[in-house]
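Below: one structure, written as structure tokens.
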Amino acid sequence: EKVSTSLISSSSSAPVVIAQYLALAKKRKLSLATLRGTIQNDPFHHYYSGYHDKFFPIDVMVENSVDIIEFCTKYVPKWYTININMYDLREQGMTAAQEIACGFSIGIDIIKKCLERGVGVDSFLPRIAFYSSAHIDILEEVAKYRAARRMWARITKEKFGAENPNSQKFTFGVQTAGCSLVPQQPLNNAIRIAYEALAAVLGGVQSVSCCSYLEPISLPTEEAHRLALRTQQILAYETGVGNVADPLGGSYYVENLTNKLEEEAYHTMNEIEDMGGMTEAVKSGWYVREIERAALKYQREVENKERLVVGANAITIPIEEDDEGKVHVTPRQSTKEQVERVRTLKKRRDNEITKRHLENLYNTAKKHTNARREENLLPYIIEATEAYATLGEILGTIRMAYDLSYDPFNMIQHPFF
């Protein structure tokens, strides 16, 4: 209750993860209205991170996402209910303009679904945020954030009639670009990260997270993590770049680039809208095709040395001189311990109570028409969580309500049904 928590869950697990968090708060007798934080809750991210439709159809994923937005708008008003993941779009290879276009098209689909549920536009829009990438082309990144702010204000006001100024704000956090880092001469990555963080601040970001220079090699060591943190702190306390809003505004080049990116982004958004929105773009395969096409173009540029990457395809050193230093290794025992904890939980809980709550969830989820949700599932997911149903059991139960197998890989059966 004293910290703002970030729940990095954007796949089908998002409603269960936030239900677990809220169930713990209730167990500790805390008011949900006092909780502050963010859940990623981006159903489309699930689709370009390798899962596709094995777990849930995209329509069901969107309904799950809107359940969280609707519930938190009513009962957890200080919570950011969705953090649209533009970052991983860029990590997959998309351009700066595509990052804006696809991120905003996701937002438009989500807003439309919330309005269908009867949630007032100015009640939930101020708690929508974006998670963006900070790439290595400093001026292009600054222009990207400037274009995004203008576009989101116009979209929310003119397309959806938002009147609250907070509804029109492009609220965003940034992480430096993991995909721009290379394993060769890894200390060079620290320089890339610093420049990318600088671009984010010059572009007006509200929150910055820096990768570690070991990102292409391993999870960060304590030393690498500390350097990432110090990069932010030096930027904040010593450089002075955060002392003024939009410091590059008025630059003929940045202004021209801002206009260019805005035009390109709108062009792609119109293409998506002509398909019927981002949900339909996913169903048609356009979404994944665009990612693959952009990634292939980038890779060819690197291989043909049309795009130079210091240490990788330019200014290289012999491999025997290239020392990555210490790396983090995850202890194998930690996985075994987690599996054993789940097994112990299933033995100790009251399985009759767990079964009853999963049945309630199943019966409620069953009430839908063409994947449109008739009733918000989150209260039932919270109750099942309070009865110690696991994430897999809850998601499997919802899958069965939509006439899918309990296990997407068809290896195990529901323990109660």
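Each chain in the structure tokens gets a letter, A, B and so on, in the order shown; residues start at 1 in every chain, and ligands are counted from 1 in the order they appear.
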
### Task
Pick out the residues sitting within 8 Å of Thr354 (chain A), and hand them over as a list in words; count only C-alpha atoms, and ignore anything fewer than 2 positions along from it in its own chain.
Arg349, Asp350, Asn351, Glu352, Arg356, His357, Leu358, Ala384, Ala387, Tyr388 and Ala389 of chain A

- DSSP says strand (DSSP E) for which residues of region 60-284 of chain A? Put them as a list in words? Trp79, Tyr80, Ile82, Asn83, Ile84, Asn85, Ile128, Ala129, Phe130, Tyr131, Ser132, Ser133, Ala134, Phe172, Gly173, Val174, Gln175, Thr176, Ser207, Val208 and Ser209 of chain A

Could you build a table of the residues in region 50-168 of chain A lying no more than 12 Å from region 364-375 of chain A, giving for each the nearest pair of atoms and their separation in Å rounded to one decimal place, using only C-alpha atoms, ordered by chain and ascending residue number, as a tab-separated table?
```
residue	atom	partner	partner_atom	distance
A:Phe56	CA	A:Ala371	CA	10.6
A:Pro57	CA	A:Ala371	CA	8.7
A:Ile58	CA	A:Ala371	CA	9.4
A:Asp59	CA	A:Ala371	CA	6.0
A:Val60	CA	A:Ala371	CA	5.8
A:Met61	CA	A:Ala371	CA	9.5
A:Val62	CA	A:Arg372	CA	9.4
A:Glu63	CA	A:Arg373	CA	6.3
A:Asn64	CA	A:Arg373	CA	8.5
A:Ser65	CA	A:Arg373	CA	11.0
A:Val66	CA	A:Arg373	CA	9.5
A:Asp67	CA	A:Glu375	CA	8.6
A:Glu70	CA	A:Glu375	CA	10.8
A:Phe71	CA	A:Glu375	CA	11.0
A:Lys113	CA	A:Arg372	CA	9.6
A:Cys114	CA	A:Arg373	CA	11.4
A:Glu116	CA	A:Arg372	CA	10.1
A:Arg117	CA	A:Arg373	CA	9.0
```

Generate the output file for the selected residues, N, CA and C atoms, as a PDB file, in the first residue's frame.
```
ATOM      1  N   PHE A  56      -5.450 -18.329 -26.492  1.00  0.00           N
ATOM      2  CA  PHE A  56      -6.779 -17.743 -26.583  1.00  0.00           C
ATOM      3  C   PHE A  56      -6.925 -17.050 -27.930  1.00  0.00           C
ATOM      4  N   PRO A  57      -8.117 -17.084 -28.522  1.00  0.00           N
ATOM      5  CA  PRO A  57      -8.360 -16.225 -29.687  1.00  0.00           C
ATOM      6  C   PRO A  57      -8.203 -14.764 -29.277  1.00  0.00           C
ATOM      7  N   ILE A  58      -7.844 -13.920 -30.219  1.00  0.00           N
ATOM      8  CA  ILE A  58      -7.586 -12.519 -29.901  1.00  0.00           C
ATOM      9  C   ILE A  58      -8.826 -11.828 -29.335  1.00  0.00           C
ATOM     10  N   ASP A  59     -10.027 -12.226 -29.800  1.00  0.00           N
ATOM     11  CA  ASP A  59     -11.248 -11.604 -29.273  1.00  0.00           C
ATOM     12  C   ASP A  59     -11.373 -11.828 -27.767  1.00  0.00           C
ATOM     13  N   VAL A  60     -11.088 -13.046 -27.329  1.00  0.00           N
ATOM     14  CA  VAL A  60     -11.188 -13.367 -25.900  1.00  0.00           C
ATOM     15  C   VAL A  60     -10.125 -12.612 -25.119  1.00  0.00           C
ATOM     16  N   MET A  61      -8.933 -12.511 -25.694  1.00  0.00           N
ATOM     17  CA  MET A  61      -7.851 -11.765 -25.036  1.00  0.00           C
ATOM     18  C   MET A  61      -8.243 -10.313 -24.810  1.00  0.00           C
ATOM     19  N   VAL A  62      -8.877  -9.702 -25.817  1.00  0.00           N
ATOM     20  CA  VAL A  62      -9.299  -8.306 -25.681  1.00  0.00           C
ATOM     21  C   VAL A  62     -10.357  -8.173 -24.598  1.00  0.00           C
ATOM     22  N   GLU A  63     -11.305  -9.110 -24.554  1.00  0.00           N
ATOM     23  CA  GLU A  63     -12.338  -9.071 -23.507  1.00  0.00           C
ATOM     24  C   GLU A  63     -11.713  -9.202 -22.120  1.00  0.00           C
ATOM     25  N   ASN A  64     -10.709 -10.076 -21.984  1.00  0.00           N
ATOM     26  CA  ASN A  64     -10.013 -10.218 -20.703  1.00  0.00           C
ATOM     27  C   ASN A  64      -9.359  -8.903 -20.297  1.00  0.00           C
ATOM     28  N   SER A  65      -8.760  -8.238 -21.278  1.00  0.00           N
ATOM     29  CA  SER A  65      -8.095  -6.959 -21.014  1.00  0.00           C
ATOM     30  C   SER A  65      -9.096  -5.900 -20.556  1.00  0.00           C
ATOM     31  N   VAL A  66     -10.234  -5.841 -21.239  1.00  0.00           N
ATOM     32  CA  VAL A  66     -11.255  -4.848 -20.893  1.00  0.00           C
ATOM     33  C   VAL A  66     -11.863  -5.145 -19.521  1.00  0.00           C
ATOM     34  N   ASP A  67     -11.938  -6.426 -19.138  1.00  0.00           N
ATOM     35  CA  ASP A  67     -12.390  -6.778 -17.779  1.00  0.00           C
ATOM     36  C   ASP A  67     -11.551  -6.045 -16.734  1.00  0.00           C
ATOM     37  N   GLU A  70     -12.286  -2.208 -16.850  1.00  0.00           N
ATOM     38  CA  GLU A  70     -13.602  -1.894 -16.286  1.00  0.00           C
ATOM     39  C   GLU A  70     -13.599  -2.045 -14.766  1.00  0.00           C
ATOM     40  N   PHE A  71     -13.043  -3.148 -14.270  1.00  0.00           N
ATOM     41  CA  PHE A  71     -13.034  -3.415 -12.826  1.00  0.00           C
ATOM     42  C   PHE A  71     -12.204  -2.376 -12.080  1.00  0.00           C
ATOM     43  N   LYS A 113     -13.832  -1.008 -27.261  1.00  0.00           N
ATOM     44  CA  LYS A 113     -14.402  -2.107 -26.455  1.00  0.00           C
ATOM     45  C   LYS A 113     -14.862  -1.615 -25.094  1.00  0.00           C
ATOM     46  N   CYS A 114     -14.103  -0.703 -24.499  1.00  0.00           N
ATOM     47  CA  CYS A 114     -14.505  -0.147 -23.202  1.00  0.00           C
ATOM     48  C   CYS A 114     -15.808   0.645 -23.342  1.00  0.00           C
ATOM     49  N   GLU A 116     -18.118   0.122 -25.518  1.00  0.00           N
ATOM     50  CA  GLU A 116     -19.193  -0.862 -25.703  1.00  0.00           C
ATOM     51  C   GLU A 116     -19.687  -1.395 -24.361  1.00  0.00           C
ATOM     52  N   ARG A 117     -18.762  -1.489 -23.397  1.00  0.00           N
ATOM     53  CA  ARG A 117     -19.132  -1.957 -22.056  1.00  0.00           C
ATOM     54  C   ARG A 117     -19.873  -0.878 -21.261  1.00  0.00           C
TER      55      ARG A 117
END
```

**Study point:** Test item: residues at most 10 Å from region 24-38 of chain A, only C-alpha atoms, excluding those fewer than 3 positions along its chain, as a ChimeraX atom specification
**Key:** /A:1-9,18-21,41,72-83,127-129,382,385-386

Item to check | Backbone-only DSSP, helix (DSSP H, G or I) members of region 6-188 of chain A, as a PyMOL selection string | outcome: chain A and resi 14-27+32-34+47-49+58-75+87-91+96-116+121-127+138-159+165-168+178-180+188

Mind dumping a table of every region 151-215 of chain A residue within 12 Å of region 234-237 of chain A, with the nearest atom pair and its distance in Å to one decimal, using only C-alpha atoms, sorted by chain and rising number, as JSON lines?
```
{"residue": "A:Ile193", "atom": "CA", "partner": "A:Leu235", "partner_atom": "CA", "distance": 11.4}
{"residue": "A:Ala194", "atom": "CA", "partner": "A:Leu235", "partner_atom": "CA", "distance": 8.2}
{"residue": "A:Tyr195", "atom": "CA", "partner": "A:Leu235", "partner_atom": "CA", "distance": 10.0}
{"residue": "A:Glu196", "atom": "CA", "partner": "A:Leu235", "partner_atom": "CA", "distance": 11.1}
{"residue": "A:Ala197", "atom": "CA", "partner": "A:Leu235", "partner_atom": "CA", "distance": 8.0}
{"residue": "A:Leu198", "atom": "CA", "partner": "A:Leu235", "partner_atom": "CA", "distance": 7.2}
{"residue": "A:Ala199", "atom": "CA", "partner": "A:Leu235", "partner_atom": "CA", "distance": 10.8}
{"residue": "A:Ala200", "atom": "CA", "partner": "A:Leu235", "partner_atom": "CA", "distance": 10.7}
{"residue": "A:Val201", "atom": "CA", "partner": "A:Leu235", "partner_atom": "CA", "distance": 8.6}
{"residue": "A:Leu202", "atom": "CA", "partner": "A:Leu235", "partner_atom": "CA", "distance": 10.8}
{"residue": "A:Gln206", "atom": "CA", "partner": "A:Ala236", "partner_atom": "CA", "distance": 11.9}
{"residue": "A:Ser207", "atom": "CA", "partner": "A:Ala236", "partner_atom": "CA", "distance": 11.1}
{"residue": "A:Val208", "atom": "CA", "partner": "A:Ala236", "partner_atom": "CA", "distance": 10.3}
{"residue": "A:Ser209", "atom": "CA", "partner": "A:Leu235", "partner_atom": "CA", "distance": 12.0}
{"residue": "A:Cys210", "atom": "CA", "partner": "A:Leu235", "partner_atom": "CA", "distance": 11.3}
```

Using only C-alpha atoms, the residue out of A:Phe55, A:Gly276, A:Ala314, A:Asp88 with shortest distance to Leu404 (chain A) is A:Phe55

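Pairwise distance (CA of His328 (chain A), CA of Pro183 (chain A)) equals 14.2 Å.
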
Practice item. Fewer than 4 positions away in the same chain doesn't count, so skip those; otherwise give me all residues within 9 Å of region 282-284 of chain A, counting only C-alpha atoms, as JSON, numbers by chain. Key: {"A": [44, 47, 57, 58, 275, 277, 278, 288]}

When you look at region 93-105 of chain A with a cut-off of 9 Å (counting only C-alpha atoms), what residues show up, excluding the ones that are within fewer than 3 positions of it in the same chain? I need them as JSON, numbers by chain.
{"A": [84, 85, 86, 87, 88, 89, 90, 108, 109, 110, 130, 132, 133, 135, 140, 141, 144, 145, 147, 148, 151, 152, 155, 179, 260, 261, 262, 263, 264, 265, 266, 267, 268, 269, 270, 272, 273, 277, 278, 287, 290, 291, 292, 293, 294, 295, 296, 297, 298, 299]}

Put those residues in a file: C-alpha atoms, as a compact mmCIF listing (two decimals), in the first residue's frame.
```
# COMPACT_ATOMS: atom_id res chain seq x y z
CA ILE A 84 0.23 -0.62 -24.27
CA ASN A 85 3.46 -2.30 -25.28
CA MET A 86 4.93 -0.37 -28.19
CA TYR A 87 8.41 -1.34 -26.99
CA ASP A 88 8.30 -4.95 -28.13
CA LEU A 89 6.86 -3.93 -31.49
CA ARG A 90 10.08 -2.03 -32.04
CA ILE A 108 -8.19 2.60 -30.36
CA ASP A 109 -9.49 -0.99 -30.36
CA ILE A 110 -9.32 -1.13 -26.56
CA PHE A 130 2.18 3.39 -23.13
CA SER A 132 7.80 2.79 -25.66
CA SER A 133 11.29 2.10 -26.94
CA HIS A 135 16.44 3.55 -29.94
CA GLU A 140 14.40 10.34 -34.69
CA GLU A 141 13.42 9.12 -31.23
CA LYS A 144 8.78 10.09 -32.44
CA TYR A 145 7.73 11.07 -28.91
CA ALA A 147 4.62 13.18 -32.86
CA ALA A 148 3.01 10.65 -30.52
CA MET A 151 -1.42 12.41 -32.29
CA TRP A 152 -2.79 10.90 -29.08
CA ILE A 155 -7.26 11.00 -31.41
CA CYS A 179 17.68 -5.16 -29.61
CA LYS A 260 7.24 13.21 -41.28
CA LEU A 261 6.82 10.52 -38.60
CA GLU A 262 3.29 11.71 -37.83
CA GLU A 263 2.37 11.48 -41.52
CA GLU A 264 3.85 7.98 -41.86
CA ALA A 265 2.14 6.78 -38.68
CA TYR A 266 -1.27 8.07 -39.78
CA HIS A 267 -0.82 6.34 -43.14
CA THR A 268 -0.31 2.97 -41.40
CA MET A 269 -3.15 3.62 -38.97
CA ASN A 270 -5.52 4.31 -41.87
CA ILE A 272 -5.23 -0.79 -40.19
CA GLU A 273 -8.58 0.99 -39.85
CA GLY A 277 -9.00 -2.30 -36.68
CA MET A 278 -6.06 -3.99 -35.00
CA TYR A 287 0.28 -7.88 -38.01
CA GLU A 290 4.58 -6.53 -41.06
CA ILE A 291 6.80 -7.40 -38.11
CA GLU A 292 8.62 -10.08 -40.11
CA ARG A 293 9.06 -7.80 -43.10
CA ALA A 294 10.49 -4.98 -41.00
CA ALA A 295 12.80 -7.34 -39.10
CA LEU A 296 14.08 -8.87 -42.35
CA LYS A 297 14.78 -5.42 -43.82
CA TYR A 298 16.80 -4.43 -40.73
CA GLN A 299 18.76 -7.69 -40.76
```

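Atom to atom, CA of Thr171 (chain A) and CA of Phe124 (chain A) stand 13.0 Å apart.
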